[in-house]
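As provided, work_8.tsv (TSV, C-alpha atoms and all ligand atoms) reads as follows.
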```tsv
chain	number	residue	atom	x	y	z
H	1	MET	CA	3.90	-4.94	-25.67
H	2	GLU	CA	5.11	-1.49	-26.67
H	3	ASN	CA	2.50	1.21	-25.92
H	4	CYS	CA	0.69	-0.80	-23.24
H	5	ILE	CA	0.43	1.41	-20.15
H	6	PHE	CA	-0.07	-1.53	-17.76
H	7	CYS	CA	3.05	-3.27	-19.18
H	8	LYS	CA	4.99	-0.11	-18.39
H	9	ILE	CA	3.51	0.25	-14.90
H	10	ALA	CA	3.86	-3.47	-14.08
H	11	ASN	CA	7.53	-3.43	-15.07
H	12	GLY	CA	8.31	-0.21	-13.21
H	13	GLU	CA	8.89	2.01	-16.27
H	14	ILE	CA	6.06	4.31	-15.14
H	15	PRO	CA	5.76	5.08	-11.41
H	16	SER	CA	2.70	3.85	-9.53
H	17	ASN	CA	1.43	3.47	-6.00
H	18	THR	CA	2.59	-0.11	-5.59
H	19	ILE	CA	1.23	-1.98	-2.58
H	20	TYR	CA	2.65	-5.43	-3.43
H	21	GLU	CA	5.23	-6.79	-5.87
H	22	ASP	CA	6.82	-10.14	-6.61
H	23	GLU	CA	8.59	-11.74	-9.58
H	24	ASN	CA	5.44	-12.05	-11.69
H	25	PHE	CA	2.98	-9.43	-10.45
H	26	ARG	CA	2.65	-5.84	-9.30
H	27	VAL	CA	-0.38	-4.60	-7.39
H	28	ILE	CA	-1.10	-0.88	-7.74
H	29	LEU	CA	-3.71	1.50	-6.41
H	30	ASP	CA	-6.32	2.31	-9.08
H	31	ASN	CA	-6.17	6.02	-9.93
H	32	GLY	CA	-9.96	6.19	-10.33
H	33	PRO	CA	-10.93	4.13	-7.31
H	34	ALA	CA	-14.44	2.88	-6.60
H	35	THR	CA	-13.58	2.87	-2.88
H	36	LYS	CA	-10.63	3.58	-0.60
H	37	GLY	CA	-7.89	1.06	-1.40
H	38	HIS	CA	-9.24	-0.12	-4.80
H	39	ALA	CA	-6.26	-1.92	-6.33
H	40	LEU	CA	-5.31	-3.77	-9.52
H	41	VAL	CA	-3.30	-6.98	-9.79
H	42	LEU	CA	-1.14	-6.65	-12.91
H	43	PRO	CA	0.84	-9.55	-14.38
H	44	LYS	CA	4.27	-8.35	-15.53
H	45	GLU	CA	3.84	-10.26	-18.81
H	46	HIS	CA	1.29	-8.92	-21.28
H	47	TYR	CA	-1.94	-10.86	-21.75
H	48	ALA	CA	-4.99	-9.02	-23.06
H	49	ASP	CA	-7.61	-10.86	-21.02
H	50	LEU	CA	-8.80	-14.09	-19.43
H	51	PHE	CA	-8.89	-15.80	-22.81
H	52	GLU	CA	-5.18	-15.13	-23.36
H	53	ILE	CA	-3.70	-15.50	-19.90
H	54	PRO	CA	-2.23	-18.95	-19.12
H	55	GLU	CA	-4.06	-20.91	-16.42
H	56	ASP	CA	-1.14	-20.86	-13.97
H	57	VAL	CA	-0.69	-17.08	-14.27
H	58	ALA	CA	-4.43	-16.55	-13.71
H	59	ALA	CA	-4.22	-18.78	-10.62
H	60	GLY	CA	-1.20	-16.75	-9.47
H	61	ALA	CA	-3.20	-13.52	-9.79
H	62	VAL	CA	-5.88	-14.91	-7.48
H	63	LYS	CA	-3.22	-15.98	-4.95
H	64	VAL	CA	-1.82	-12.45	-4.96
H	65	ALA	CA	-5.35	-11.02	-4.60
H	66	LYS	CA	-5.92	-13.21	-1.55
H	67	LYS	CA	-2.71	-11.95	0.06
H	68	VAL	CA	-3.59	-8.30	-0.65
H	69	ALA	CA	-7.19	-8.84	0.51
H	70	GLY	CA	-5.80	-9.95	3.89
H	71	MET	CA	-3.58	-6.85	4.03
H	72	MET	CA	-6.61	-4.65	3.29
H	73	LYS	CA	-8.79	-6.31	5.89
H	74	ASP	CA	-6.10	-5.76	8.54
H	75	THR	CA	-5.13	-2.20	7.61
H	76	LEU	CA	-8.16	-0.55	5.99
H	77	LEU	CA	-10.65	-2.45	8.14
H	78	CYS	CA	-12.96	-2.97	5.16
H	79	ASP	CA	-16.25	-4.75	5.82
H	80	GLY	CA	-16.14	-6.82	2.62
H	81	LEU	CA	-14.43	-6.96	-0.75
H	82	ASN	CA	-15.23	-7.54	-4.44
H	83	LEU	CA	-12.89	-9.20	-6.93
H	84	VAL	CA	-13.85	-7.98	-10.40
H	85	GLN	CA	-12.25	-8.89	-13.70
H	86	ASN	CA	-13.55	-7.43	-16.96
H	87	ASN	CA	-12.96	-9.05	-20.35
H	88	GLY	CA	-13.75	-7.19	-23.55
H	89	GLN	CA	-15.16	-3.74	-24.17
H	90	VAL	CA	-18.73	-4.99	-23.85
H	91	ALA	CA	-17.89	-6.19	-20.33
H	92	GLY	CA	-16.39	-2.84	-19.35
H	93	GLN	CA	-12.69	-3.54	-20.00
H	94	THR	CA	-10.94	-0.27	-20.84
H	95	VAL	CA	-7.27	-1.29	-20.55
H	96	MET	CA	-6.46	-4.31	-22.69
H	97	HIS	CA	-3.86	-5.81	-20.34
H	98	TYR	CA	-5.32	-8.43	-17.98
H	99	HIS	CA	-5.97	-7.02	-14.52
H	100	LEU	CA	-7.88	-8.17	-11.49
H	101	HIS	CA	-9.66	-5.48	-9.48
H	102	ILE	CA	-9.57	-5.75	-5.69
H	103	ILE	CA	-12.30	-3.47	-4.35
H	104	PRO	CA	-12.56	-3.18	-0.59
H	105	ARG	CA	-16.14	-2.50	0.52
H	106	TYR	CA	-17.36	-0.45	3.42
H	107	LYS	CA	-20.81	-0.24	4.95
H	108	ASP	CA	-22.70	2.56	3.15
H	109	ASP	CA	-19.87	3.19	0.63
H	110	GLY	CA	-22.51	4.07	-1.98
H	111	GLN	CA	-21.04	1.80	-4.67
H	112	THR	CA	-23.06	-0.63	-6.81
H	113	ILE	CA	-20.90	-3.34	-8.30
H	114	LEU	CA	-23.77	-5.81	-8.67
H	115	TRP	CA	-26.03	-6.64	-11.63
H	116	LYS	CA	-29.78	-6.51	-12.25
H	117	PRO	CA	-31.02	-10.13	-11.98
H	118	THR	CA	-33.28	-11.40	-14.79
H	119	ARG	CA	-35.92	-14.16	-14.54
H	120	PRO	CA	-35.33	-16.86	-17.19
H	121	SER	CA	-37.76	-19.81	-17.23
H	122	ALA	CA	-36.59	-23.31	-16.32
H	123	ASP	CA	-36.72	-24.20	-20.06
H	124	GLU	CA	-34.55	-21.21	-20.98
H	125	LEU	CA	-31.96	-22.17	-18.34
H	126	ALA	CA	-31.95	-25.78	-19.60
H	127	GLU	CA	-31.47	-24.53	-23.17
H	128	ILE	CA	-28.51	-22.38	-22.14
H	129	ARG	CA	-26.97	-25.31	-20.28
H	130	LYS	CA	-27.35	-27.41	-23.48
H	131	THR	CA	-25.75	-24.66	-25.57
H	132	ILE	CA	-22.74	-24.47	-23.26
H	133	CYS	CA	-22.28	-28.15	-22.48
H	134	GLY	CA	-23.60	-29.75	-25.68
M	201	LIG	P1	-11.17	-1.90	-16.60
M	201	LIG	O1	-12.34	-0.99	-16.84
M	201	LIG	O2	-11.54	-3.21	-15.96
M	201	LIG	O3	-10.33	-2.08	-17.84
M	201	LIG	O4	-10.31	-1.16	-15.52
M	201	LIG	C1	-9.29	-0.26	-15.80
M	201	LIG	C2	-8.97	0.42	-14.51
M	201	LIG	O5	-7.68	0.96	-14.60
M	201	LIG	C3	-9.91	1.57	-14.15
M	201	LIG	O6	-10.48	1.33	-12.88
M	201	LIG	C4	-8.99	2.80	-14.17
M	201	LIG	O7	-9.32	3.71	-13.15
M	201	LIG	C5	-7.64	2.18	-13.93
M	201	LIG	N1	-6.50	2.88	-14.50
M	201	LIG	C6	-6.34	3.31	-15.78
M	201	LIG	N2	-5.13	3.89	-15.95
M	201	LIG	C7	-4.51	3.82	-14.74
M	201	LIG	C8	-3.24	4.27	-14.26
M	201	LIG	N3	-2.36	4.90	-15.06
M	201	LIG	N4	-2.94	4.05	-12.96
M	201	LIG	C9	-3.83	3.43	-12.14
M	201	LIG	N5	-5.03	2.99	-12.54
M	201	LIG	C10	-5.37	3.19	-13.82
M	202	ZN	ZN	0.46	-4.89	-21.40
```
Translate this structure into structure tokens?
Amino acid sequence: MENCIFCKIANGEIPSNTIYEDENFRVILDNGPATKGHALVLPKEHYADLFEIPEDVAAGAVKVAKKVAGMMKDTLLCDGLNLVQNNGQVAGQTVMHYHLHIIPRYKDDGQTILWKPTRPSADELAEIRKTICG
């Protein structure tokens, strides 16, 4: 993809703070981090989002995230970690090249990466299940 900044970063055409690289992925430090060590797993091939990325590449991204999560636990001594992956503008995706956020969490880090729970009735949940599963 011409003009895709994450294609350029993933393939080394634009410099980045790379913390892991293999044949298919590059992991870089996010330049607007939620917390210390916030990183992005970038596939070297261009896929816009979860709907486009092949199953095996998506599985590979999670394998890489697990490896990097271990590195972070050992070196940054984080107390926890969020994996976040946004798809579509409405879900907060701002760069349209698939990426998996690895966000190390620290006690009292002041971040809120959770959602506001709602209270659907049992009937509403059953209806949603029917809509999804038929
Ligand atoms: P998302 O909102 O899920 O699309 O996440 C995009 C992320 O990419 C944000 O957290 C940005 O801070 C980060 N980002 C955008 N451009 C760059 C860049 N050139 N280098 C590193 N991180 C970037
Ligand atoms: Zn791209």
Selection as a PyMOL selection string: residues within 10 Å of ligand LIG 201 (chain M) by all atoms listed in the file: chain H and resi 5-6+8-9+14-18+27-34+38-40+49+84-89+91-101+103
Put those residues in a file: C-alpha atoms, as a PDB file, in the coordinates of the input.
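So the final result, stored in result_31.pdb, reads:
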```pdb
ATOM      1  CA  ILE H   5       0.430   1.410 -20.150  1.00  0.00           C
ATOM      2  CA  PHE H   6      -0.070  -1.530 -17.760  1.00  0.00           C
ATOM      3  CA  LYS H   8       4.990  -0.110 -18.390  1.00  0.00           C
ATOM      4  CA  ILE H   9       3.510   0.250 -14.900  1.00  0.00           C
ATOM      5  CA  ILE H  14       6.060   4.310 -15.140  1.00  0.00           C
ATOM      6  CA  PRO H  15       5.760   5.080 -11.410  1.00  0.00           C
ATOM      7  CA  SER H  16       2.700   3.850  -9.530  1.00  0.00           C
ATOM      8  CA  ASN H  17       1.430   3.470  -6.000  1.00  0.00           C
ATOM      9  CA  THR H  18       2.590  -0.110  -5.590  1.00  0.00           C
ATOM     10  CA  VAL H  27      -0.380  -4.600  -7.390  1.00  0.00           C
ATOM     11  CA  ILE H  28      -1.100  -0.880  -7.740  1.00  0.00           C
ATOM     12  CA  LEU H  29      -3.710   1.500  -6.410  1.00  0.00           C
ATOM     13  CA  ASP H  30      -6.320   2.310  -9.080  1.00  0.00           C
ATOM     14  CA  ASN H  31      -6.170   6.020  -9.930  1.00  0.00           C
ATOM     15  CA  GLY H  32      -9.960   6.190 -10.330  1.00  0.00           C
ATOM     16  CA  PRO H  33     -10.930   4.130  -7.310  1.00  0.00           C
ATOM     17  CA  ALA H  34     -14.440   2.880  -6.600  1.00  0.00           C
ATOM     18  CA  HIS H  38      -9.240  -0.120  -4.800  1.00  0.00           C
ATOM     19  CA  ALA H  39      -6.260  -1.920  -6.330  1.00  0.00           C
ATOM     20  CA  LEU H  40      -5.310  -3.770  -9.520  1.00  0.00           C
ATOM     21  CA  ASP H  49      -7.610 -10.860 -21.020  1.00  0.00           C
ATOM     22  CA  VAL H  84     -13.850  -7.980 -10.400  1.00  0.00           C
ATOM     23  CA  GLN H  85     -12.250  -8.890 -13.700  1.00  0.00           C
ATOM     24  CA  ASN H  86     -13.550  -7.430 -16.960  1.00  0.00           C
ATOM     25  CA  ASN H  87     -12.960  -9.050 -20.350  1.00  0.00           C
ATOM     26  CA  GLY H  88     -13.750  -7.190 -23.550  1.00  0.00           C
ATOM     27  CA  GLN H  89     -15.160  -3.740 -24.170  1.00  0.00           C
ATOM     28  CA  ALA H  91     -17.890  -6.190 -20.330  1.00  0.00           C
ATOM     29  CA  GLY H  92     -16.390  -2.840 -19.350  1.00  0.00           C
ATOM     30  CA  GLN H  93     -12.690  -3.540 -20.000  1.00  0.00           C
ATOM     31  CA  THR H  94     -10.940  -0.270 -20.840  1.00  0.00           C
ATOM     32  CA  VAL H  95      -7.270  -1.290 -20.550  1.00  0.00           C
ATOM     33  CA  MET H  96      -6.460  -4.310 -22.690  1.00  0.00           C
ATOM     34  CA  HIS H  97      -3.860  -5.810 -20.340  1.00  0.00           C
ATOM     35  CA  TYR H  98      -5.320  -8.430 -17.980  1.00  0.00           C
ATOM     36  CA  HIS H  99      -5.970  -7.020 -14.520  1.00  0.00           C
ATOM     37  CA  LEU H 100      -7.880  -8.170 -11.490  1.00  0.00           C
ATOM     38  CA  HIS H 101      -9.660  -5.480  -9.480  1.00  0.00           C
ATOM     39  CA  ILE H 103     -12.300  -3.470  -4.350  1.00  0.00           C
TER      40      ILE H 103
END
```
Two-atom distance - atom CA of Ile19 of chain H, atom CA of Cys78 of chain H (Å): 16.2 Å
Atom pair atom CA of Lys44 of chain H / atom CA of Tyr20 of chain H: separation (Å):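 Those two atoms sit 12.6 Å apart.
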Coordinates-based distance that separates atom CA of His46 of chain H from atom CA of Val68 of chain H (Å, one decimal):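 Taking atom CA of Val68 of chain H and atom CA of His46 of chain H, their separation equals 21.2 Å.
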Residues within 12 Å of (5.6, -13.2, -17.0), counting all atoms listed in the file, listed as a VMD selection string: chain H and resid 7 10 to 11 22 to 26 42 to 47 53 to 54 56 to 58 60 to 61 98
Since we have the selection now, will you write its residues out, keeping C-alpha atoms, as a PDB file, keeping the file's coordinate frame?
```
ATOM      1  CA  CYS H   7       3.050  -3.270 -19.180  1.00  0.00           C
ATOM      2  CA  ALA H  10       3.860  -3.470 -14.080  1.00  0.00           C
ATOM      3  CA  ASN H  11       7.530  -3.430 -15.070  1.00  0.00           C
ATOM      4  CA  ASP H  22       6.820 -10.140  -6.610  1.00  0.00           C
ATOM      5  CA  GLU H  23       8.590 -11.740  -9.580  1.00  0.00           C
ATOM      6  CA  ASN H  24       5.440 -12.050 -11.690  1.00  0.00           C
ATOM      7  CA  PHE H  25       2.980  -9.430 -10.450  1.00  0.00           C
ATOM      8  CA  ARG H  26       2.650  -5.840  -9.300  1.00  0.00           C
ATOM      9  CA  LEU H  42      -1.140  -6.650 -12.910  1.00  0.00           C
ATOM     10  CA  PRO H  43       0.840  -9.550 -14.380  1.00  0.00           C
ATOM     11  CA  LYS H  44       4.270  -8.350 -15.530  1.00  0.00           C
ATOM     12  CA  GLU H  45       3.840 -10.260 -18.810  1.00  0.00           C
ATOM     13  CA  HIS H  46       1.290  -8.920 -21.280  1.00  0.00           C
ATOM     14  CA  TYR H  47      -1.940 -10.860 -21.750  1.00  0.00           C
ATOM     15  CA  ILE H  53      -3.700 -15.500 -19.900  1.00  0.00           C
ATOM     16  CA  PRO H  54      -2.230 -18.950 -19.120  1.00  0.00           C
ATOM     17  CA  ASP H  56      -1.140 -20.860 -13.970  1.00  0.00           C
ATOM     18  CA  VAL H  57      -0.690 -17.080 -14.270  1.00  0.00           C
ATOM     19  CA  ALA H  58      -4.430 -16.550 -13.710  1.00  0.00           C
ATOM     20  CA  GLY H  60      -1.200 -16.750  -9.470  1.00  0.00           C
ATOM     21  CA  ALA H  61      -3.200 -13.520  -9.790  1.00  0.00           C
ATOM     22  CA  TYR H  98      -5.320  -8.430 -17.980  1.00  0.00           C
TER      23      TYR H  98
END
```
Which centre and edge lengths in Å to one decimal define the box along x, y and z that fits every listed atom of segment 112-122 of chain H plus 3 Å per side, as AutoDock Vina command-line options?
```
--center_x -29.3 --center_y -12.0 --center_z -12.0 --size_x 22.9 --size_y 28.7 --size_z 16.4
```
Residue nearest Met72 of chain H among H:Lys116, H:Lys107, H:Arg129, H:Lys36 (counting only C-alpha atoms): H:Lys36
